[in-house]
file coords_8.cif (mmCIF, C-alpha atoms)
data_query
loop_
_atom_site.label_atom_id
_atom_site.label_comp_id
_atom_site.auth_asym_id
_atom_site.auth_seq_id
_atom_site.Cartn_x
_atom_site.Cartn_y
_atom_site.Cartn_z
CA MET A 45 74.30 -52.13 112.38
CA ALA A 46 72.85 -49.76 114.92
CA ARG A 47 73.33 -50.68 118.57
CA LYS A 48 70.47 -50.34 121.04
CA GLU A 49 72.60 -50.52 124.15
CA ARG A 50 75.44 -48.24 125.21
CA LEU A 51 79.04 -49.28 125.67
CA PRO A 52 80.13 -49.00 129.33
CA VAL A 53 82.18 -45.96 130.33
CA GLU A 54 85.21 -47.97 131.44
CA ILE A 55 85.81 -49.43 127.98
CA PHE A 56 87.01 -46.06 126.63
CA ASN A 57 90.00 -45.68 128.95
CA LEU A 58 89.30 -41.95 129.25
CA PRO A 59 91.95 -39.66 130.79
CA VAL A 60 89.45 -38.65 133.47
CA ASN A 61 91.40 -35.90 135.23
CA GLU A 62 92.56 -34.45 131.93
CA VAL A 63 88.88 -34.19 130.97
CA ARG A 64 87.82 -32.66 134.29
CA CYS A 65 90.71 -30.19 134.46
CA GLY A 66 90.22 -28.80 130.96
CA TYR A 67 93.58 -30.11 129.78
CA ARG A 68 92.19 -31.37 126.46
CA ALA A 69 89.50 -28.72 126.03
CA ALA A 70 89.75 -25.70 123.78
CA VAL A 71 90.83 -23.01 126.25
CA TYR A 72 87.86 -20.75 125.61
CA PHE A 73 85.45 -23.50 126.68
CA TRP A 74 87.39 -24.02 129.92
CA ARG A 75 87.45 -20.28 130.57
CA SER A 76 83.70 -20.09 129.93
CA LYS A 77 83.14 -22.72 132.61
CA ARG A 78 85.30 -20.85 135.11
CA ILE A 79 83.65 -17.49 134.37
CA LEU A 80 80.19 -18.91 134.98
CA GLU A 81 81.27 -20.65 138.17
CA GLN A 82 83.06 -17.67 139.63
CA ASP A 83 80.20 -15.38 138.68
CA GLY A 84 77.69 -17.67 140.36
CA HIS A 85 75.77 -17.81 137.08
CA HIS A 86 74.08 -21.13 136.25
CA PRO A 87 72.12 -20.83 132.98
CA HIS A 88 69.96 -23.79 132.05
CA ILE A 89 70.63 -24.29 128.34
CA THR A 90 69.81 -26.80 125.63
CA HIS A 91 72.83 -27.84 123.62
CA GLN A 92 72.00 -29.36 120.23
CA LEU A 93 74.46 -31.44 118.20
CA PHE A 94 74.31 -32.09 114.44
CA GLN A 95 76.34 -32.50 111.25
CA LYS A 96 75.70 -31.35 107.67
CA LYS A 97 75.92 -34.40 105.37
CA ASP A 98 73.41 -36.96 104.15
CA HIS A 99 73.93 -40.74 104.14
CA VAL A 100 76.13 -40.69 107.24
CA THR A 101 76.70 -43.49 109.76
CA LEU A 102 76.84 -42.17 113.30
CA CYS A 103 79.55 -43.37 115.63
CA GLY A 104 81.06 -41.91 118.78
CA ALA A 105 77.76 -41.27 120.57
CA ASP A 106 78.57 -43.71 123.38
CA GLU A 107 82.06 -42.26 123.77
CA ALA A 108 80.70 -38.71 123.84
CA ILE A 109 78.21 -39.74 126.55
CA ALA A 110 81.05 -41.32 128.52
CA ILE A 111 82.91 -37.99 128.42
CA LEU A 112 79.83 -36.26 129.79
CA LYS A 113 79.48 -38.88 132.50
CA VAL A 114 83.00 -38.49 133.85
CA GLY A 115 83.40 -34.78 133.13
CA THR A 116 80.13 -33.10 134.12
CA GLY A 117 80.60 -31.34 137.46
CA TYR A 118 83.08 -29.12 139.27
CA PHE A 119 85.96 -29.10 141.78
CA LYS A 120 85.32 -27.98 145.34
CA ASP A 121 88.70 -26.16 145.36
CA TYR A 122 90.13 -25.22 141.96
CA ASP A 123 93.48 -23.95 143.22
CA GLN A 124 94.12 -27.21 145.02
CA ALA A 125 92.81 -29.26 142.10
CA MET A 126 95.02 -27.55 139.52
CA ALA A 127 98.09 -27.95 141.73
CA LEU A 128 97.34 -31.65 142.17
CA PHE A 129 96.72 -32.08 138.46
CA GLU A 130 100.09 -30.55 137.58
CA GLN A 131 101.69 -32.91 140.08
CA GLU A 132 99.88 -35.84 138.47
CA LEU A 133 101.20 -34.88 135.03
CA GLN A 134 104.77 -34.64 136.33
CA LEU A 135 104.49 -38.02 138.05
CA LYS A 136 103.13 -39.56 134.88
CA ARG A 137 106.13 -38.32 132.87
CA ALA A 138 108.57 -39.43 135.57
CA ALA A 139 106.99 -42.89 135.68
CA ASN A 140 107.24 -43.16 131.90
CA ARG A 141 110.94 -42.27 132.08
CA ALA A 142 111.55 -44.87 134.79
CA LEU A 143 109.77 -47.53 132.72
CA VAL A 144 111.85 -46.72 129.62
CA ASP A 145 115.02 -46.77 131.73
CA GLY A 146 114.12 -50.19 133.09
CA ASP A 147 113.96 -48.99 136.69
CA GLY A 148 111.08 -51.10 137.94
CA ALA A 149 111.36 -50.07 141.57
CA ALA A 150 111.25 -46.36 140.74
CA TYR A 151 108.38 -46.93 138.34
CA ALA A 152 106.32 -48.75 140.97
CA GLY A 153 106.94 -46.01 143.51
CA LEU A 154 105.96 -43.25 141.10
CA VAL A 155 102.80 -45.09 140.07
CA ALA A 156 101.82 -45.47 143.71
CA GLU A 157 102.45 -41.78 144.33
CA ARG A 158 100.45 -40.82 141.25
CA THR A 159 97.59 -43.06 142.37
CA ASP A 160 97.46 -41.18 145.66
CA VAL A 161 97.32 -37.83 143.84
CA THR A 162 94.56 -39.16 141.57
CA ARG A 163 92.56 -40.21 144.63
CA LYS A 164 92.91 -36.73 146.13
CA LEU A 165 91.74 -35.16 142.87
CA ASP A 166 88.76 -37.49 142.78
CA ASP A 167 87.88 -36.52 146.35
CA LEU A 168 87.72 -32.88 145.25
CA TRP A 169 85.44 -33.63 142.28
CA VAL A 170 81.68 -33.17 142.56
CA SER A 171 79.93 -35.19 139.84
CA LYS A 172 76.76 -33.62 138.49
CA PHE A 173 75.94 -35.83 135.52
CA ASN A 174 72.71 -36.83 137.24
CA GLU A 175 71.61 -33.19 137.16
CA ILE A 176 71.70 -32.83 133.37
CA GLU A 177 69.54 -34.55 130.76
CA VAL A 178 71.09 -36.23 127.74
CA SER A 179 69.27 -37.86 124.83
CA ALA A 180 71.02 -39.29 121.79
CA LEU A 181 70.92 -41.57 118.81
CA PHE A 182 72.85 -44.84 118.85
CA ASP A 183 76.14 -45.77 117.22
CA GLY A 184 75.38 -47.22 113.81
CA ASP A 185 72.26 -45.11 113.19
CA ARG A 186 71.98 -43.50 109.75
CA LEU A 187 71.98 -39.70 109.73
CA SER A 188 70.61 -37.02 107.47
CA ALA A 189 72.08 -33.55 107.13
CA TRP A 190 71.18 -31.21 110.02
CA GLU A 191 69.52 -34.01 111.96
CA THR A 192 69.90 -33.62 115.72
CA VAL A 193 72.04 -36.46 117.05
CA MET A 194 72.21 -35.42 120.70
CA LEU A 195 70.62 -32.95 123.12
CA ILE A 196 72.30 -31.93 126.38
CA GLU A 197 70.17 -29.91 128.78
CA GLY A 198 71.10 -28.43 132.13
CA ASP A 199 73.36 -26.03 133.97
CA TYR A 200 75.89 -25.01 131.32
CA SER A 201 78.60 -24.31 133.90
CA LEU A 202 78.71 -28.04 134.61
CA PHE A 203 79.66 -29.16 131.07
CA ALA A 204 80.88 -26.09 129.15
CA HIS A 205 84.46 -27.42 129.10
CA LEU A 206 83.54 -30.68 127.34
CA GLU A 207 82.25 -29.41 123.99
CA SER A 208 85.37 -29.77 121.85
CA LEU A 209 86.02 -33.23 123.30
CA TYR A 210 82.69 -34.81 122.45
CA LEU A 211 82.46 -33.05 119.08
CA GLY A 212 85.92 -34.32 118.13
CA VAL A 213 84.99 -37.86 119.13
CA LEU A 214 81.82 -37.75 117.03
CA ALA A 215 83.66 -36.31 114.03
CA ARG A 216 86.40 -38.92 114.08
CA ARG A 217 84.33 -42.00 114.73
CA THR A 218 81.57 -40.97 112.30
CA LYS A 219 84.11 -40.37 109.54
CA VAL A 220 85.55 -43.86 109.92
CA ALA A 221 82.13 -45.52 110.24
CA SER A 222 80.71 -43.69 107.22
CA ASN A 223 83.71 -44.49 105.04
CA CYS A 224 83.69 -48.12 106.11
CA ARG A 225 79.99 -48.49 105.39
CA ALA A 226 80.54 -47.08 101.88
CA VAL A 227 83.24 -49.70 101.28
CA VAL A 228 81.14 -52.51 102.75
CA GLU A 229 78.19 -51.61 100.53
CA ALA A 230 80.41 -51.41 97.46
CA ALA A 231 81.82 -54.88 98.23
CA ASN A 232 78.38 -56.36 97.68
CA GLY A 233 78.43 -58.77 100.60
CA LYS A 234 82.08 -59.78 100.35
CA PRO A 235 84.25 -59.46 103.48
CA VAL A 236 86.13 -56.20 103.99
CA LEU A 237 89.28 -55.93 106.12
CA PHE A 238 90.09 -52.70 107.99
CA PHE A 239 93.85 -52.24 107.55
CA THR A 240 94.52 -48.65 108.58
CA ASP A 241 97.12 -49.20 111.29
CA ARG A 242 100.02 -47.72 109.31
CA PHE A 243 98.14 -44.64 108.18
CA ASP A 244 97.41 -42.90 111.46
CA HIS A 245 98.48 -42.50 115.07
CA TYR A 246 98.29 -45.73 117.05
CA ALA A 247 96.22 -44.07 119.79
CA THR A 248 93.21 -43.94 117.44
CA GLN A 249 93.03 -47.69 116.90
CA GLU A 250 90.51 -48.82 119.52
CA GLY A 251 87.83 -46.32 118.57
CA ASP A 252 88.48 -46.57 114.85
CA GLY A 253 88.27 -50.35 114.94
CA TYR A 254 84.96 -50.12 116.79
CA ALA A 255 83.65 -47.63 114.20
CA ALA A 256 84.64 -50.04 111.43
CA HIS A 257 82.86 -52.88 113.21
CA ILE A 258 79.71 -50.78 113.60
CA ALA A 259 79.78 -50.19 109.84
CA GLY A 260 79.97 -53.90 109.01
CA VAL A 261 83.69 -54.44 108.41
CA THR A 262 84.60 -58.12 108.83
CA ALA A 263 88.00 -57.92 110.53
CA VAL A 264 90.69 -55.49 111.66
CA ALA A 265 94.47 -55.39 111.61
CA SER A 266 95.43 -55.10 115.28
CA ASN A 267 94.18 -56.46 118.58
CA ALA A 268 93.64 -52.89 119.78
CA MET A 269 91.20 -52.27 116.93
CA GLY A 270 89.02 -55.15 118.12
CA ALA A 271 89.29 -54.47 121.85
CA TRP A 272 86.01 -52.61 122.33
CA TYR A 273 83.92 -55.44 120.89
CA GLY A 274 85.96 -58.46 121.94
CA GLU A 275 87.79 -59.47 118.76
CA GLN A 276 91.45 -59.84 117.78
CA GLY A 277 93.30 -58.62 114.73
CA ILE A 278 94.08 -60.75 111.71
CA GLY A 279 96.95 -60.50 109.28
CA THR A 280 99.09 -62.19 106.69
CA ILE A 281 102.82 -61.87 106.05
CA PRO A 282 104.66 -58.58 105.46
CA HIS A 283 107.12 -58.18 102.63
CA ALA A 284 109.90 -57.78 105.19
CA MET A 285 109.33 -61.37 106.37
CA ILE A 286 109.79 -62.58 102.80
CA VAL A 287 113.06 -60.64 102.67
CA SER A 288 114.03 -62.29 105.98
CA TYR A 289 113.74 -65.68 104.24
CA GLY A 290 115.87 -64.68 101.28
CA GLY A 291 113.02 -63.48 99.11
CA ASP A 292 111.28 -66.88 99.21
CA SER A 293 107.56 -66.07 99.45
CA VAL A 294 106.54 -69.71 99.77
CA LYS A 295 109.03 -70.46 102.54
CA ALA A 296 107.75 -67.45 104.46
CA ALA A 297 104.21 -68.82 104.16
CA GLU A 298 105.40 -72.23 105.32
CA LYS A 299 107.02 -70.69 108.39
CA PHE A 300 103.80 -68.84 109.16
CA ARG A 301 101.90 -72.11 108.98
CA GLN A 302 104.50 -73.85 111.16
CA TYR A 303 104.34 -71.38 114.02
CA PHE A 304 100.71 -70.23 113.72
CA PRO A 305 98.86 -73.37 112.58
CA GLN A 306 95.63 -72.17 114.23
CA VAL A 307 95.52 -69.10 111.96
CA ASN A 308 94.45 -69.15 108.30
CA THR A 309 97.60 -69.21 106.17
CA ILE A 310 97.56 -66.49 103.51
CA SER A 311 100.53 -66.14 101.20
CA LEU A 312 101.59 -62.68 100.01
CA VAL A 313 102.35 -63.32 96.33
CA ASP A 314 103.50 -60.07 94.68
CA PHE A 315 107.09 -59.96 96.00
CA ASP A 316 108.60 -61.10 92.67
CA ASN A 317 105.94 -59.26 90.66
CA ASP A 318 104.78 -62.67 89.47
CA CYS A 319 101.47 -63.29 91.25
CA VAL A 320 100.31 -66.19 89.10
CA ASN A 321 103.42 -68.33 89.50
CA THR A 322 103.95 -67.42 93.15
CA SER A 323 100.33 -68.30 93.93
CA LEU A 324 100.73 -71.65 92.19
CA ALA A 325 104.00 -72.37 93.99
CA ALA A 326 102.40 -71.67 97.37
CA ALA A 327 99.36 -73.81 96.55
CA ARG A 328 101.48 -76.72 95.31
CA ARG A 329 103.65 -76.65 98.43
CA LEU A 330 100.95 -76.09 101.06
CA GLY A 331 97.94 -77.73 99.40
CA GLU A 332 94.86 -77.67 101.64
CA LYS A 333 96.83 -75.80 104.29
CA LEU A 334 96.88 -72.67 102.11
CA TRP A 335 93.77 -70.67 102.93
CA GLY A 336 94.35 -67.78 100.54
CA VAL A 337 96.70 -65.54 98.58
CA ARG A 338 96.97 -61.78 98.81
CA LEU A 339 97.71 -59.61 95.77
CA ASP A 340 99.34 -56.26 96.61
CA THR A 341 101.06 -55.25 93.37
CA ALA A 342 102.24 -51.62 93.35
CA GLU A 343 100.07 -49.33 91.23
CA ASN A 344 103.03 -48.38 88.98
CA LEU A 345 103.97 -51.98 88.11
CA ILE A 346 102.63 -54.47 85.59
CA ASP A 347 102.75 -58.06 86.79
CA ARG A 348 104.88 -60.38 84.68
CA SER A 349 101.85 -62.44 83.71
CA LEU A 350 100.34 -59.39 81.99
CA GLU A 351 103.42 -57.95 80.27
CA LYS A 352 102.77 -59.66 76.95
CA VAL A 353 98.99 -59.54 77.06
CA GLU A 354 97.67 -57.54 74.11
CA GLY A 355 94.46 -55.57 73.72
CA TYR A 356 94.84 -53.58 76.95
CA HIS A 357 96.41 -50.22 77.67
CA ASP A 358 99.27 -50.30 80.15
CA GLU A 359 97.23 -48.41 82.75
CA GLU A 360 94.62 -51.20 82.60
CA LYS A 361 97.30 -53.74 83.57
CA MET A 362 99.00 -51.83 86.38
CA GLY A 363 98.72 -52.71 90.03
CA VAL A 364 96.10 -55.19 91.21
CA ALA A 365 94.19 -55.06 87.94
CA PRO A 366 91.00 -57.03 87.25
CA LEU A 367 92.85 -59.02 84.60
CA LEU A 368 95.56 -60.02 87.09
CA VAL A 369 93.01 -61.33 89.59
CA GLU A 370 91.31 -63.30 86.81
CA LYS A 371 94.59 -64.88 85.74
CA VAL A 372 95.44 -65.91 89.30
CA ARG A 373 91.98 -67.46 89.76
CA GLU A 374 92.19 -69.30 86.43
CA ALA A 375 95.64 -70.68 87.24
CA LEU A 376 94.62 -71.89 90.70
CA ASP A 377 91.39 -73.47 89.43
CA ARG A 378 93.17 -75.13 86.53
CA GLU A 379 95.30 -77.11 89.00
CA GLY A 380 92.41 -77.89 91.34
CA PHE A 381 93.08 -75.26 94.02
CA HIS A 382 89.51 -74.02 94.08
CA HIS A 383 89.61 -73.61 97.86
CA VAL A 384 92.28 -70.90 97.81
CA LYS A 385 90.73 -67.50 98.32
CA ILE A 386 91.97 -64.28 96.71
CA ILE A 387 92.46 -61.18 98.84
CA VAL A 388 93.32 -57.88 97.17
CA SER A 389 94.86 -54.78 98.71
CA GLY A 390 96.56 -51.57 97.67
CA GLY A 391 94.62 -48.39 96.87
CA PHE A 392 91.08 -49.75 97.03
CA ASN A 393 88.11 -47.41 97.58
CA PRO A 394 84.35 -47.70 96.96
CA ASP A 395 84.54 -46.66 93.29
CA ARG A 396 87.27 -49.15 92.50
CA ILE A 397 85.53 -51.93 94.40
CA ARG A 398 82.23 -51.22 92.62
CA ARG A 399 84.03 -51.46 89.29
CA PHE A 400 85.53 -54.84 90.27
CA GLU A 401 82.10 -56.09 91.31
CA GLN A 402 80.42 -54.84 88.15
CA LEU A 403 83.05 -56.65 86.08
CA GLY A 404 82.60 -59.83 88.10
CA VAL A 405 86.26 -59.96 89.11
CA PRO A 406 86.78 -63.11 91.25
CA VAL A 407 87.88 -61.33 94.43
CA ASP A 408 86.93 -63.01 97.71
CA ILE A 409 88.03 -60.34 100.19
CA TYR A 410 88.92 -56.66 99.98
CA ALA A 411 91.55 -55.18 102.32
CA VAL A 412 91.25 -51.40 102.53
CA GLY A 413 93.59 -48.99 104.28
CA SER A 414 94.12 -45.26 103.96
CA TRP A 415 90.86 -44.45 102.16
CA MET A 416 88.92 -45.35 105.31
CA LEU A 417 90.43 -42.28 107.00
CA THR A 418 89.72 -39.70 104.30
CA GLY A 419 87.30 -36.78 104.35
CA GLN A 420 85.59 -34.74 107.05
CA TYR A 421 82.43 -35.24 109.06
CA ASP A 422 82.36 -32.18 111.29
CA PHE A 423 79.85 -31.87 114.12
CA THR A 424 78.54 -28.64 115.62
CA ALA A 425 76.98 -27.91 119.00
CA ASP A 426 74.66 -24.93 119.37
CA ALA A 427 73.03 -23.52 122.47
CA VAL A 428 69.46 -23.17 121.21
CA ARG A 429 67.37 -22.61 124.35
CA LEU A 430 67.79 -20.74 127.62
CA ASN A 431 65.60 -21.81 130.54
CA GLY A 432 63.30 -23.62 128.13
CA LYS A 433 62.81 -20.66 125.77
CA HIS A 434 64.25 -20.41 122.27
CA LEU A 435 67.45 -18.39 122.13
CA ALA A 436 70.09 -19.14 119.50
CA LYS A 437 72.30 -17.37 117.02
CA VAL A 438 70.62 -16.42 113.76
CA GLY A 439 70.19 -19.36 111.42
CA ARG A 440 70.00 -21.99 114.14
CA GLU A 441 66.88 -23.22 115.85
CA TYR A 442 65.78 -25.92 118.26
CA LYS A 443 65.15 -29.14 116.30
CA PRO A 444 63.89 -31.96 118.51
CA ASN A 445 64.34 -35.41 117.04
CA PRO A 446 61.81 -38.17 117.91
CA ARG A 447 64.52 -40.77 117.28
CA LEU A 448 66.60 -39.59 120.25
CA GLU A 449 66.55 -41.83 123.31
CA PRO A 450 67.23 -40.65 126.86
CA VAL A 451 70.50 -41.68 128.46
CA LYS A 452 69.83 -43.25 131.84
#

call {"tool": "encode", "arguments": {"input": "coords_8.cif", "output": "structure tokens"}}
result
Amino acid sequence: MARKERLPVEIFNLPVNEVRCGYRAAVYFWRSKRILEQDGHHPHITHQLFQKKDHVTLCGADEAIAILKVGTGYFKDYDQAMALFEQELQLKRAANRALVDGDGAAYAGLVAERTDVTRKLDDLWVSKFNEIEVSALFDGDRLSAWETVMLIEGDYSLFAHLESLYLGVLARRTKVASNCRAVVEAANGKPVLFFTDRFDHYATQEGDGYAAHIAGVTAVASNAMGAWYGEQGIGTIPHAMIVSYGGDSVKAAEKFRQYFPQVNTISLVDFDNDCVNTSLAAARRLGEKLWGVRLDTAENLIDRSLEKVEGYHDEEKMGVAPLLVEKVREALDREGFHHVKIIVSGGFNPDRIRRFEQLGVPVDIYAVGSWMLTGQYDFTADAVRLNGKHLAKVGREYKPNPRLEPVK
């Protein structure tokens, strides 16, 4: 679902001084900025951004624009700015140590000192975003290979240091959005849960969760993943909680219901490798209070209910197999538990989901994890015009895109 309004800059929690001081830029971009500034050379260039795949869902455009907004400009005194920035980094580390050590007074003092340094750095910064022109597509737009997704025009010395930052943002967010959309489309209208928290660094969660939302994913695993669009994470019960209650899956579900009655109760039913009987036990005990069951059988195991089933190869019975889902549904329906939904997880991807849908497997919700983070969606930025005239490396040319909209 393409957005037609931009997310506000403050939502991204950008490390503003790290952006302005080149701390997170590839060094050669930072050095290019400094060469141009010290040489008094201010070329007016057109920077053109694109990627090389078809059927792509764009995400990260708003975040890339936010980087340009806070990072386009220069410092009035670079020697003073770099000294202050190093001081800010040291204060940040010292404050982190004080927080870990439980020294609240020291932490508060260091934060106050760092705030003062940040203010001094900001006083030295001259913002020039209003002197460049940016036009871009919107998050959620579909892309074709080589299609221009953003144009940045203006004095290159003002934004040369930002290239690797905004390209990296576009690559990451577009990968997640494109993968999620492929899963959503394969699910044929059924809800998809974005459960990637354990497969990547926690610092990626806010932006990844937003990318998943843009692509049509129904819910996410953590509150951080839903922060940019105002939602909270959802979840069931981990296997470790079942262990905590002596291996009793039903008791663990009961405890969840007791302490979180406002949340849909979903019982994890593969702990004993007996999904049919565990699902029935949970349904009998909780009745209408049981919202759903989640099947998460390991891909190298055959559930007990399928061990003696003939006419199937073992590989067709391993993991969360179509036959296992069918048996759980039949058992629940046979005892009148038609309201209990079936969630499946563990190694699902678009091909596997399409197969389940083609077979008519009675899955209600798909939970997908690591596959959402696979692949590459690299973006490139080329300088294609100088002072309004075409000038680019061989093989690249200026490609205006009528779909681009100016950033105000």

call {"tool": "atom_distance", "arguments": {"input": "coords_8.cif", "atom1": "atom CA of Phe315 of chain A", "atom2": "atom CA of Glu351 of chain A"}}
result
16.3 Å

call {"tool": "closest_residue", "arguments": {"input": "coords_8.cif", "among": "A:Tyr122, A:Leu93, A:Phe182, A:Trp272", "to": "Lys48 of chain A", "atoms": "all atoms listed in the file"}}
result
A:Phe182

call {"tool": "closest_residue", "arguments": {"input": "coords_8.cif", "among": "A:Ile258, A:Leu165, A:Val178, A:Ala271", "to": "Glu132 of chain A", "atoms": "all atoms listed in the file"}}
result
A:Leu165

call {"tool": "resolve_selection", "arguments": {"input": "coords_8.cif", "expression": "the PyMOL selection byres ((chain A and resi 311) around 8)", "output": "PyMOL selection string"}}
result
chain A and resi 280-281+293-294+297+309-310+312-313+323+326+334+336-338

call {"tool": "atom_distance", "arguments": {"input": "coords_8.cif", "atom1": "atom CA of Ala125 of chain A", "atom2": "atom CA of Gly66 of chain A"}}
result
11.4 Å

call {"tool": "closest_residue", "arguments": {"input": "coords_8.cif", "among": "A:Ala263, A:Asp252, A:Glu374, A:Val236", "to": "Asp408 of chain A", "atoms": "only C-alpha atoms"}}
result
A:Val236

call {"tool": "residues_around", "arguments": {"input": "coords_8.cif", "residues": "Val220 of chain A", "least_positions_apart": "4", "cutoff": "9 Å", "atoms": "only C-alpha atoms", "output": "list in words"}}
result
Thr101, Cys103, Ala215, Arg216, Cys224, Arg225, Asp252, Gly253, Ala255, Ala256, Ala259, Met416, Leu417 and Thr418 of chain A

call {"tool": "residues_around", "arguments": {"input": "coords_8.cif", "residues": "Arg186 of chain A", "least_positions_apart": "2", "cutoff": "10 Å", "atoms": "all atoms listed in the file", "output": "list in words"}}
result
Met45, Ala46, Asp98, His99, Val100, Thr101, Leu102, Cys103, Leu181, Phe182, Asp183, Gly184, Ser188 and Ser222 of chain A

call {"tool": "atom_distance", "arguments": {"input": "coords_8.cif", "atom1": "atom CA of Leu154 of chain A", "atom2": "atom CA of Ser171 of chain A"}}
result
27.3 Å

call {"tool": "resolve_selection", "arguments": {"input": "coords_8.cif", "expression": "the PyMOL selection byres ((chain A and resi 296) around 10)", "output": "MDAnalysis selection string"}}
result
chainID A and resid 281:295 297:302 311:312 326

call {"tool": "residues_around", "arguments": {"input": "coords_8.cif", "residues": "segment 49-64 of chain A", "least_positions_apart": "4", "cutoff": "7 Å", "atoms": "all atoms listed in the file", "output": "list in words"}}
result
Arg68, Asp106, Glu107, Ala110, Val114, Gly115 and Trp272 of chain A

call {"tool": "closest_residue", "arguments": {"input": "coords_8.cif", "among": "A:Phe173, A:Phe243, A:Phe392, A:Trp335", "to": "Leu112 of chain A", "atoms": "all atoms listed in the file"}}
result
A:Phe173

call {"tool": "closest_residue", "arguments": {"input": "coords_8.cif", "among": "A:Glu379, A:Glu191, A:Asp316, A:Glu197", "to": "Val428 of chain A", "atoms": "only C-alpha atoms"}}
result
A:Glu197

call {"tool": "closest_residue", "arguments": {"input": "coords_8.cif", "among": "A:Ile346, A:Val161, A:Ala69, A:Val405", "to": "Lys234 of chain A", "atoms": "all atoms listed in the file"}}
result
A:Val405

call {"tool": "resolve_selection", "arguments": {"input": "coords_8.cif", "expression": "the PyMOL selection byres ((chain A and resi 202) around 6)", "output": "NGL selection string"}}
result
:A and (116-117 or 199-201 or 203)
